[in-house]
Amino acid sequence: MEIIKVAIAEDHSMIREGLKQLLELEPDIKVIAGYPDGKALVDEYAIVKPDIVLMDINMPVLNGLEALENIKKSDSSAKVILLTIHQDREYLLKALELGALGYILKDADSKVLIESVRCVYDGQTYIQPCMTNELVNEYKRIKSGNDDPRSILTSRETDVLKLLTKGMLNKEIAKELSISEKTVKNHISNIFRKLDVQDRTQAAVYAIKNRIVEA
């Protein structure tokens, strides 16, 4: 029986240990290393040589996407699964663009996690079923040539923009949407980039002018 060697990068030690215990319930999976951030993983990747890398997107020092990019530069055949809270099209597309072979949500059933590891190990791409609709929507948008900002923004980015336009602070937006302030900051950065604006005021004006939100 072949043993699948997995390295985990997750900044929350309890989650990291929980993933390790869950994976090692399977006779064909062995967790050979665990890291608290993306940089620690990147620094030791060539030494550890895992079959599969399972890592969170939101991590300190180097986040999951940055770590993925670094790993793929040194080993184009690296098999990486991103574990995330982001059910947004942009994160999924960026992950695939950088070479991730798996993308699953943190609240996924344990069977999904195990299946993703085995599928990616076999050279397949595994996208959690609930996320495939995001790929379909992106395909439709590209095919139609629709660059309407309302279609460019993800649903969560639109939610953030609506609250931002009301003058709410990051802390208030985070509480309203039950997400972290760091996640709010990431969404706002993406909004600024997509709408080509420099600050919150410009974003609010743009949103109202283009009827992304009502005045």
# chains A, B, ... in the order shown; residues from 1 in each chain; ligands from 1

$ select_by_dssp --residues "chain A" --states "helix (DSSP H, G or I)" --output "CSV table (one decimal) with N, CA and C atoms, in the first residue's frame"
chain,number,residue,atom,x,y,z
A,13,SER,N,-2.7,26.2,15.8
A,13,SER,CA,-2.2,24.9,16.2
A,13,SER,C,-3.2,23.8,16.4
A,14,MET,N,-4.4,24.2,17.0
A,14,MET,CA,-5.4,23.3,17.3
A,14,MET,C,-6.0,22.7,16.0
A,15,ILE,N,-6.2,23.6,15.0
A,15,ILE,CA,-6.7,23.2,13.7
A,15,ILE,C,-5.7,22.3,13.0
A,16,ARG,N,-4.4,22.7,13.1
A,16,ARG,CA,-3.4,21.9,12.4
A,16,ARG,C,-3.3,20.5,13.0
A,17,GLU,N,-3.4,20.4,14.3
A,17,GLU,CA,-3.3,19.1,15.0
A,17,GLU,C,-4.6,18.3,14.7
A,18,GLY,N,-5.7,19.0,14.6
A,18,GLY,CA,-7.0,18.3,14.3
A,18,GLY,C,-7.0,17.7,12.9
A,19,LEU,N,-6.4,18.4,11.9
A,19,LEU,CA,-6.3,18.0,10.6
A,19,LEU,C,-5.4,16.7,10.5
A,20,LYS,N,-4.3,16.8,11.3
A,20,LYS,CA,-3.3,15.7,11.3
A,20,LYS,C,-4.0,14.4,11.8
A,21,GLN,N,-4.7,14.6,12.9
A,21,GLN,CA,-5.4,13.4,13.5
A,21,GLN,C,-6.4,12.8,12.6
A,22,LEU,N,-7.2,13.7,11.9
A,22,LEU,CA,-8.2,13.3,11.0
A,22,LEU,C,-7.6,12.5,9.8
A,23,LEU,N,-6.6,13.1,9.2
A,23,LEU,CA,-5.9,12.5,8.1
A,23,LEU,C,-5.3,11.1,8.4
A,38,GLY,N,3.2,30.1,6.0
A,38,GLY,CA,3.6,29.7,4.7
A,38,GLY,C,5.2,29.7,4.5
A,39,LYS,N,5.8,30.7,5.1
A,39,LYS,CA,7.3,30.8,4.9
A,39,LYS,C,8.0,29.6,5.5
A,40,ALA,N,7.5,29.1,6.7
A,40,ALA,CA,8.2,27.9,7.3
A,40,ALA,C,8.0,26.7,6.4
A,41,LEU,N,6.9,26.6,5.7
A,41,LEU,CA,6.7,25.5,4.8
A,41,LEU,C,7.6,25.6,3.6
A,42,VAL,N,7.6,26.8,3.0
A,42,VAL,CA,8.4,27.1,1.8
A,42,VAL,C,9.9,26.8,2.1
A,43,ASP,N,10.4,27.2,3.3
A,43,ASP,CA,11.8,27.0,3.6
A,43,ASP,C,12.2,25.6,3.7
A,44,GLU,N,11.2,24.7,4.1
A,44,GLU,CA,11.6,23.3,4.3
A,44,GLU,C,11.0,22.3,3.3
A,45,TYR,N,10.3,22.9,2.3
A,45,TYR,CA,9.6,22.1,1.3
A,45,TYR,C,10.6,21.1,0.6
A,46,ALA,N,11.7,21.6,0.1
A,46,ALA,CA,12.6,20.8,-0.6
A,46,ALA,C,13.3,19.7,0.3
A,47,ILE,N,13.3,19.9,1.6
A,47,ILE,CA,13.9,18.9,2.5
A,47,ILE,C,12.9,17.9,2.8
A,48,VAL,N,11.6,18.3,3.1
A,48,VAL,CA,10.6,17.4,3.5
A,48,VAL,C,10.0,16.6,2.4
A,64,GLY,N,-1.2,31.6,2.1
A,64,GLY,CA,-1.3,30.4,1.3
A,64,GLY,C,-1.0,30.6,-0.2
A,65,LEU,N,-1.6,31.7,-0.7
A,65,LEU,CA,-1.4,31.9,-2.2
A,65,LEU,C,0.1,32.3,-2.5
A,66,GLU,N,0.7,33.1,-1.6
A,66,GLU,CA,2.1,33.4,-1.8
A,66,GLU,C,3.0,32.2,-1.6
A,67,ALA,N,2.7,31.4,-0.6
A,67,ALA,CA,3.5,30.1,-0.4
A,67,ALA,C,3.3,29.2,-1.6
A,68,LEU,N,2.1,29.1,-2.1
A,68,LEU,CA,1.8,28.3,-3.3
A,68,LEU,C,2.7,28.7,-4.5
A,69,GLU,N,2.7,30.0,-4.7
A,69,GLU,CA,3.5,30.6,-5.8
A,69,GLU,C,5.0,30.3,-5.7
A,70,ASN,N,5.5,30.4,-4.5
A,70,ASN,CA,6.9,30.1,-4.2
A,70,ASN,C,7.2,28.6,-4.4
A,71,ILE,N,6.3,27.8,-3.9
A,71,ILE,CA,6.5,26.3,-4.0
A,71,ILE,C,6.5,25.9,-5.5
A,72,LYS,N,5.6,26.4,-6.3
A,72,LYS,CA,5.5,26.0,-7.7
A,72,LYS,C,6.7,26.5,-8.5
A,73,LYS,N,7.3,27.6,-8.1
A,73,LYS,CA,8.5,28.1,-8.8
A,73,LYS,C,9.6,27.1,-8.6
A,74,SER,N,9.7,26.5,-7.4
A,74,SER,CA,10.8,25.6,-7.1
A,74,SER,C,10.5,24.2,-7.5
A,89,ARG,N,-15.3,33.5,-5.8
A,89,ARG,CA,-14.7,33.1,-7.1
A,89,ARG,C,-13.3,33.6,-7.3
A,90,GLU,N,-12.9,34.8,-6.8
A,90,GLU,CA,-11.6,35.3,-7.1
A,90,GLU,C,-10.5,34.5,-6.4
A,91,TYR,N,-10.7,34.1,-5.2
A,91,TYR,CA,-9.7,33.3,-4.5
A,91,TYR,C,-9.6,31.9,-5.2
A,92,LEU,N,-10.7,31.3,-5.6
A,92,LEU,CA,-10.6,30.1,-6.3
A,92,LEU,C,-9.8,30.2,-7.6
A,93,LEU,N,-10.2,31.2,-8.4
A,93,LEU,CA,-9.5,31.4,-9.7
A,93,LEU,C,-8.0,31.7,-9.5
A,94,LYS,N,-7.7,32.5,-8.5
A,94,LYS,CA,-6.3,32.8,-8.3
A,94,LYS,C,-5.5,31.6,-7.9
A,95,ALA,N,-6.1,30.7,-7.0
A,95,ALA,CA,-5.5,29.5,-6.6
A,95,ALA,C,-5.2,28.6,-7.8
A,96,LEU,N,-6.2,28.4,-8.7
A,96,LEU,CA,-6.0,27.6,-9.9
A,96,LEU,C,-5.0,28.2,-10.8
A,97,GLU,N,-5.0,29.5,-10.9
A,97,GLU,CA,-4.0,30.2,-11.8
A,97,GLU,C,-2.6,29.9,-11.3
A,98,LEU,N,-2.4,29.9,-10.0
A,98,LEU,CA,-1.1,29.7,-9.4
A,98,LEU,C,-0.6,28.2,-9.4
A,110,SER,N,-15.4,15.7,6.6
A,110,SER,CA,-14.1,15.0,6.6
A,110,SER,C,-13.9,14.2,5.4
A,111,LYS,N,-15.0,13.6,4.9
A,111,LYS,CA,-14.9,12.8,3.6
A,111,LYS,C,-14.4,13.6,2.5
A,112,VAL,N,-14.8,14.9,2.4
A,112,VAL,CA,-14.3,15.8,1.3
A,112,VAL,C,-12.8,16.0,1.4
A,113,LEU,N,-12.3,16.2,2.6
A,113,LEU,CA,-10.9,16.4,2.9
A,113,LEU,C,-10.1,15.1,2.4
A,114,ILE,N,-10.5,14.0,2.8
A,114,ILE,CA,-9.9,12.7,2.5
A,114,ILE,C,-9.9,12.5,1.0
A,115,GLU,N,-11.1,12.7,0.4
A,115,GLU,CA,-11.2,12.5,-1.0
A,115,GLU,C,-10.3,13.5,-1.8
A,116,SER,N,-10.2,14.7,-1.4
A,116,SER,CA,-9.4,15.7,-2.1
A,116,SER,C,-7.9,15.3,-2.1
A,117,VAL,N,-7.4,14.8,-0.9
A,117,VAL,CA,-6.0,14.3,-0.8
A,117,VAL,C,-5.8,13.2,-1.8
A,118,ARG,N,-6.7,12.2,-1.8
A,118,ARG,CA,-6.4,11.0,-2.7
A,118,ARG,C,-6.6,11.4,-4.2
A,119,CYS,N,-7.5,12.3,-4.5
A,119,CYS,CA,-7.7,12.7,-5.9
A,119,CYS,C,-6.5,13.5,-6.4
A,120,VAL,N,-6.0,14.4,-5.6
A,120,VAL,CA,-4.9,15.2,-6.0
A,120,VAL,C,-3.6,14.4,-6.1
A,121,TYR,N,-3.5,13.4,-5.1
A,121,TYR,CA,-2.3,12.5,-5.2
A,121,TYR,C,-2.3,11.7,-6.5
A,129,PRO,N,-17.4,20.4,-4.5
A,129,PRO,CA,-18.6,20.5,-5.4
A,129,PRO,C,-19.4,21.9,-5.2
A,130,CYS,N,-19.5,22.4,-4.0
A,130,CYS,CA,-20.2,23.6,-3.9
A,130,CYS,C,-19.6,24.8,-4.5
A,131,MET,N,-18.3,24.7,-4.9
A,131,MET,CA,-17.5,25.8,-5.5
A,131,MET,C,-17.5,25.7,-7.0
A,132,THR,N,-18.0,24.6,-7.6
A,132,THR,CA,-17.9,24.5,-9.1
A,132,THR,C,-18.8,25.5,-9.7
A,133,ASN,N,-19.9,26.0,-9.1
A,133,ASN,CA,-20.8,27.0,-9.6
A,133,ASN,C,-20.0,28.3,-9.9
A,134,GLU,N,-19.0,28.6,-9.1
A,134,GLU,CA,-18.2,29.8,-9.2
A,134,GLU,C,-17.5,29.7,-10.6
A,135,LEU,N,-17.0,28.6,-10.9
A,135,LEU,CA,-16.2,28.4,-12.2
A,135,LEU,C,-17.2,28.6,-13.4
A,136,VAL,N,-18.4,28.0,-13.2
A,136,VAL,CA,-19.4,28.1,-14.3
A,136,VAL,C,-19.7,29.6,-14.5
A,137,ASN,N,-19.9,30.3,-13.4
A,137,ASN,CA,-20.3,31.8,-13.5
A,137,ASN,C,-19.2,32.6,-14.2
A,138,GLU,N,-17.9,32.2,-13.8
A,138,GLU,CA,-16.8,32.9,-14.4
A,138,GLU,C,-16.7,32.6,-15.9
A,139,TYR,N,-16.9,31.4,-16.3
A,139,TYR,CA,-16.9,31.0,-17.7
A,139,TYR,C,-18.0,31.8,-18.5
A,140,LYS,N,-19.2,31.9,-17.9
A,140,LYS,CA,-20.3,32.6,-18.5
A,140,LYS,C,-19.9,34.1,-18.7
A,141,ARG,N,-19.3,34.7,-17.6
A,141,ARG,CA,-18.9,36.1,-17.7
A,141,ARG,C,-17.9,36.4,-18.8
A,142,ILE,N,-16.9,35.5,-18.9
A,142,ILE,CA,-15.9,35.7,-19.9
A,142,ILE,C,-16.5,35.5,-21.3
A,143,LYS,N,-17.3,34.5,-21.4
A,143,LYS,CA,-17.9,34.2,-22.7
A,143,LYS,C,-18.8,35.4,-23.2
A,144,SER,N,-19.5,36.0,-22.3
A,144,SER,CA,-20.4,37.1,-22.6
A,144,SER,C,-19.7,38.4,-22.8
A,149,PRO,N,-19.1,46.0,-13.4
A,149,PRO,CA,-18.5,45.8,-12.1
A,149,PRO,C,-19.3,44.9,-11.2
A,150,ARG,N,-20.6,45.0,-11.4
A,150,ARG,CA,-21.5,44.1,-10.5
A,150,ARG,C,-21.2,42.6,-10.8
A,151,SER,N,-20.7,42.3,-12.0
A,151,SER,CA,-20.4,40.9,-12.2
A,151,SER,C,-19.0,40.6,-11.9
A,152,ILE,N,-18.1,41.6,-11.8
A,152,ILE,CA,-16.7,41.4,-11.5
A,152,ILE,C,-16.5,41.2,-10.0
A,155,SER,N,-20.0,38.0,-4.5
A,155,SER,CA,-21.1,38.4,-3.7
A,155,SER,C,-20.6,38.9,-2.4
A,156,ARG,N,-19.6,38.4,-1.8
A,156,ARG,CA,-19.1,38.8,-0.5
A,156,ARG,C,-18.5,40.2,-0.6
A,157,GLU,N,-17.8,40.5,-1.7
A,157,GLU,CA,-17.2,41.8,-2.0
A,157,GLU,C,-18.3,42.8,-2.1
A,158,THR,N,-19.4,42.5,-2.7
A,158,THR,CA,-20.5,43.4,-2.9
A,158,THR,C,-21.1,43.7,-1.5
A,159,ASP,N,-21.2,42.6,-0.6
A,159,ASP,CA,-21.7,42.8,0.7
A,159,ASP,C,-20.8,43.8,1.5
A,160,VAL,N,-19.5,43.6,1.4
A,160,VAL,CA,-18.6,44.5,2.0
A,160,VAL,C,-18.7,46.0,1.5
A,161,LEU,N,-18.8,46.1,0.2
A,161,LEU,CA,-18.9,47.4,-0.4
A,161,LEU,C,-20.2,48.1,0.0
A,162,LYS,N,-21.3,47.4,0.1
A,162,LYS,CA,-22.5,48.0,0.6
A,162,LYS,C,-22.4,48.6,2.0
A,163,LEU,N,-21.7,47.9,2.9
A,163,LEU,CA,-21.5,48.3,4.3
A,163,LEU,C,-20.5,49.4,4.3
A,164,LEU,N,-19.4,49.3,3.5
A,164,LEU,CA,-18.4,50.4,3.4
A,164,LEU,C,-19.1,51.7,2.9
A,165,THR,N,-20.0,51.6,2.0
A,165,THR,CA,-20.7,52.8,1.4
A,165,THR,C,-21.6,53.4,2.5
A,170,ASN,N,-14.0,48.9,9.4
A,170,ASN,CA,-13.7,47.5,9.1
A,170,ASN,C,-14.2,46.6,10.3
A,171,LYS,N,-14.0,47.1,11.5
A,171,LYS,CA,-14.4,46.3,12.7
A,171,LYS,C,-15.9,46.1,12.7
A,172,GLU,N,-16.7,47.1,12.3
A,172,GLU,CA,-18.1,47.0,12.2
A,172,GLU,C,-18.6,46.0,11.1
A,173,ILE,N,-17.9,46.1,9.9
A,173,ILE,CA,-18.2,45.3,8.8
A,173,ILE,C,-17.9,43.8,9.2
A,174,ALA,N,-16.8,43.6,9.8
A,174,ALA,CA,-16.4,42.2,10.3
A,174,ALA,C,-17.5,41.6,11.2
A,175,LYS,N,-18.0,42.4,12.1
A,175,LYS,CA,-19.0,42.0,13.0
A,175,LYS,C,-20.3,41.7,12.3
A,176,GLU,N,-20.7,42.6,11.4
A,176,GLU,CA,-21.9,42.4,10.7
A,176,GLU,C,-21.9,41.2,9.8
A,177,LEU,N,-20.8,40.9,9.2
A,177,LEU,CA,-20.7,39.7,8.3
A,177,LEU,C,-20.1,38.5,8.9
A,181,GLU,N,-11.5,40.9,10.8
A,181,GLU,CA,-11.1,42.2,10.2
A,181,GLU,C,-10.1,42.0,9.1
A,182,LYS,N,-9.2,41.0,9.2
A,182,LYS,CA,-8.2,40.8,8.2
A,182,LYS,C,-8.9,40.4,6.9
A,183,THR,N,-9.9,39.6,7.0
A,183,THR,CA,-10.7,39.2,5.8
A,183,THR,C,-11.3,40.4,5.2
A,184,VAL,N,-11.9,41.3,6.0
A,184,VAL,CA,-12.5,42.5,5.5
A,184,VAL,C,-11.5,43.4,4.7
A,185,LYS,N,-10.3,43.5,5.3
A,185,LYS,CA,-9.2,44.2,4.6
A,185,LYS,C,-8.8,43.6,3.3
A,186,ASN,N,-8.8,42.3,3.2
A,186,ASN,CA,-8.5,41.6,2.0
A,186,ASN,C,-9.6,41.9,0.9
A,187,HIS,N,-10.8,41.9,1.4
A,187,HIS,CA,-11.9,42.2,0.4
A,187,HIS,C,-11.9,43.6,-0.1
A,188,ILE,N,-11.6,44.5,0.8
A,188,ILE,CA,-11.5,46.0,0.5
A,188,ILE,C,-10.4,46.2,-0.5
A,189,SER,N,-9.3,45.6,-0.3
A,189,SER,CA,-8.1,45.7,-1.2
A,189,SER,C,-8.5,45.2,-2.6
A,190,ASN,N,-9.2,44.1,-2.7
A,190,ASN,CA,-9.7,43.5,-3.9
A,190,ASN,C,-10.7,44.4,-4.6
A,191,ILE,N,-11.6,45.0,-3.8
A,191,ILE,CA,-12.6,46.0,-4.3
A,191,ILE,C,-11.9,47.2,-5.0
A,192,PHE,N,-10.9,47.7,-4.3
A,192,PHE,CA,-10.2,48.9,-4.8
A,192,PHE,C,-9.5,48.6,-6.1
A,193,ARG,N,-8.9,47.4,-6.2
A,193,ARG,CA,-8.2,47.0,-7.4
A,193,ARG,C,-9.2,46.8,-8.5
A,194,LYS,N,-10.2,46.1,-8.3
A,194,LYS,CA,-11.2,45.8,-9.3
A,194,LYS,C,-11.9,47.0,-9.9
A,195,LEU,N,-12.2,47.9,-9.0
A,195,LEU,CA,-12.9,49.2,-9.4
A,195,LEU,C,-12.0,50.3,-9.8
A,200,ARG,N,-11.7,54.6,0.3
A,200,ARG,CA,-13.1,54.2,0.6
A,200,ARG,C,-14.1,55.2,0.0
A,201,THR,N,-13.8,56.5,0.0
A,201,THR,CA,-14.7,57.5,-0.6
A,201,THR,C,-14.9,57.3,-2.0
A,202,GLN,N,-13.8,57.1,-2.8
A,202,GLN,CA,-13.9,56.8,-4.2
A,202,GLN,C,-14.7,55.5,-4.5
A,203,ALA,N,-14.5,54.5,-3.7
A,203,ALA,CA,-15.2,53.3,-3.8
A,203,ALA,C,-16.7,53.5,-3.6
A,204,ALA,N,-17.1,54.2,-2.6
A,204,ALA,CA,-18.5,54.5,-2.3
A,204,ALA,C,-19.1,55.3,-3.4
A,205,VAL,N,-18.4,56.3,-3.9
A,205,VAL,CA,-18.9,57.1,-5.0
A,205,VAL,C,-19.1,56.3,-6.3
A,206,TYR,N,-18.1,55.5,-6.6
A,206,TYR,CA,-18.2,54.6,-7.7
A,206,TYR,C,-19.4,53.6,-7.6
A,207,ALA,N,-19.6,53.1,-6.4
A,207,ALA,CA,-20.6,52.1,-6.2
A,207,ALA,C,-22.0,52.7,-6.5
A,208,ILE,N,-22.2,53.9,-6.0
A,208,ILE,CA,-23.5,54.6,-6.1
A,208,ILE,C,-23.7,55.0,-7.6
A,209,LYS,N,-22.6,55.6,-8.2
A,209,LYS,CA,-22.7,56.1,-9.6
A,209,LYS,C,-23.0,54.9,-10.5

$ select_by_dssp --residues "stretch 8-160 of chain A" --states "strand (DSSP E)" --output "number ranges by chain"
A: 8-9, 29-35, 52-56, 80-84, 102-105, 126-127

$ atom_distance --atom1 "atom CA of A:Ser77" --atom2 "atom CA of A:Asp28"
21.0 Å

$ residues_around --residues "A:Asp122" --least-positions-apart "5" --cutoff "12 Å" --atoms "only C-alpha atoms" --output "PyMOL selection string"
chain A and resi 2+4+51-52+79+101-102+115-117

$ atom_distance --atom1 "atom CA of A:Lys106" --atom2 "atom CA of A:Val53"
15.2 Å

$ residues_around --residues "A:Ile104" --least-positions-apart "6" --cutoff "7 Å" --atoms "only C-alpha atoms" --output "PDB file with N, CA and C atoms, in the first residue's frame"
ATOM      1  N   LEU A  82      -5.543  23.905  -1.196  1.00  0.00           N
ATOM      2  CA  LEU A  82      -5.777  25.048  -0.324  1.00  0.00           C
ATOM      3  C   LEU A  82      -7.047  24.826   0.488  1.00  0.00           C
ATOM      4  N   LEU A  83      -6.915  25.063   1.768  1.00  0.00           N
ATOM      5  CA  LEU A  83      -8.023  24.924   2.713  1.00  0.00           C
ATOM      6  C   LEU A  83      -8.382  26.334   3.164  1.00  0.00           C
ATOM      7  N   THR A  84      -9.640  26.736   3.020  1.00  0.00           N
ATOM      8  CA  THR A  84      -9.961  28.140   3.197  1.00  0.00           C
ATOM      9  C   THR A  84     -11.392  28.391   3.658  1.00  0.00           C
ATOM     10  N   ILE A 127     -12.015  20.276  -6.820  1.00  0.00           N
ATOM     11  CA  ILE A 127     -12.687  21.487  -6.361  1.00  0.00           C
ATOM     12  C   ILE A 127     -13.927  21.042  -5.606  1.00  0.00           C
ATOM     13  N   GLN A 128     -14.072  21.504  -4.374  1.00  0.00           N
ATOM     14  CA  GLN A 128     -15.249  21.112  -3.600  1.00  0.00           C
ATOM     15  C   GLN A 128     -16.514  21.398  -4.413  1.00  0.00           C
TER      16      GLN A 128
END

$ closest_residue --among "A:Glu26, A:Asp56, A:Asp75, A:Asp199" --to "A:Ala7" --atoms "only C-alpha atoms"
A:Asp56

$ closest_residue --among "A:Ala78, A:Ile179, A:Asp109, A:Gly167" --to "A:Leu54" --atoms "only C-alpha atoms"
A:Ala78

$ closest_residue --among "A:Asn210, A:Val31, A:Ile85, A:Glu24" --to "A:Ile57" --atoms "only C-alpha atoms"
A:Ile85

$ atom_distance --atom1 "atom CA of A:Ile29" --atom2 "atom CA of A:Pro50"
11.3 Å
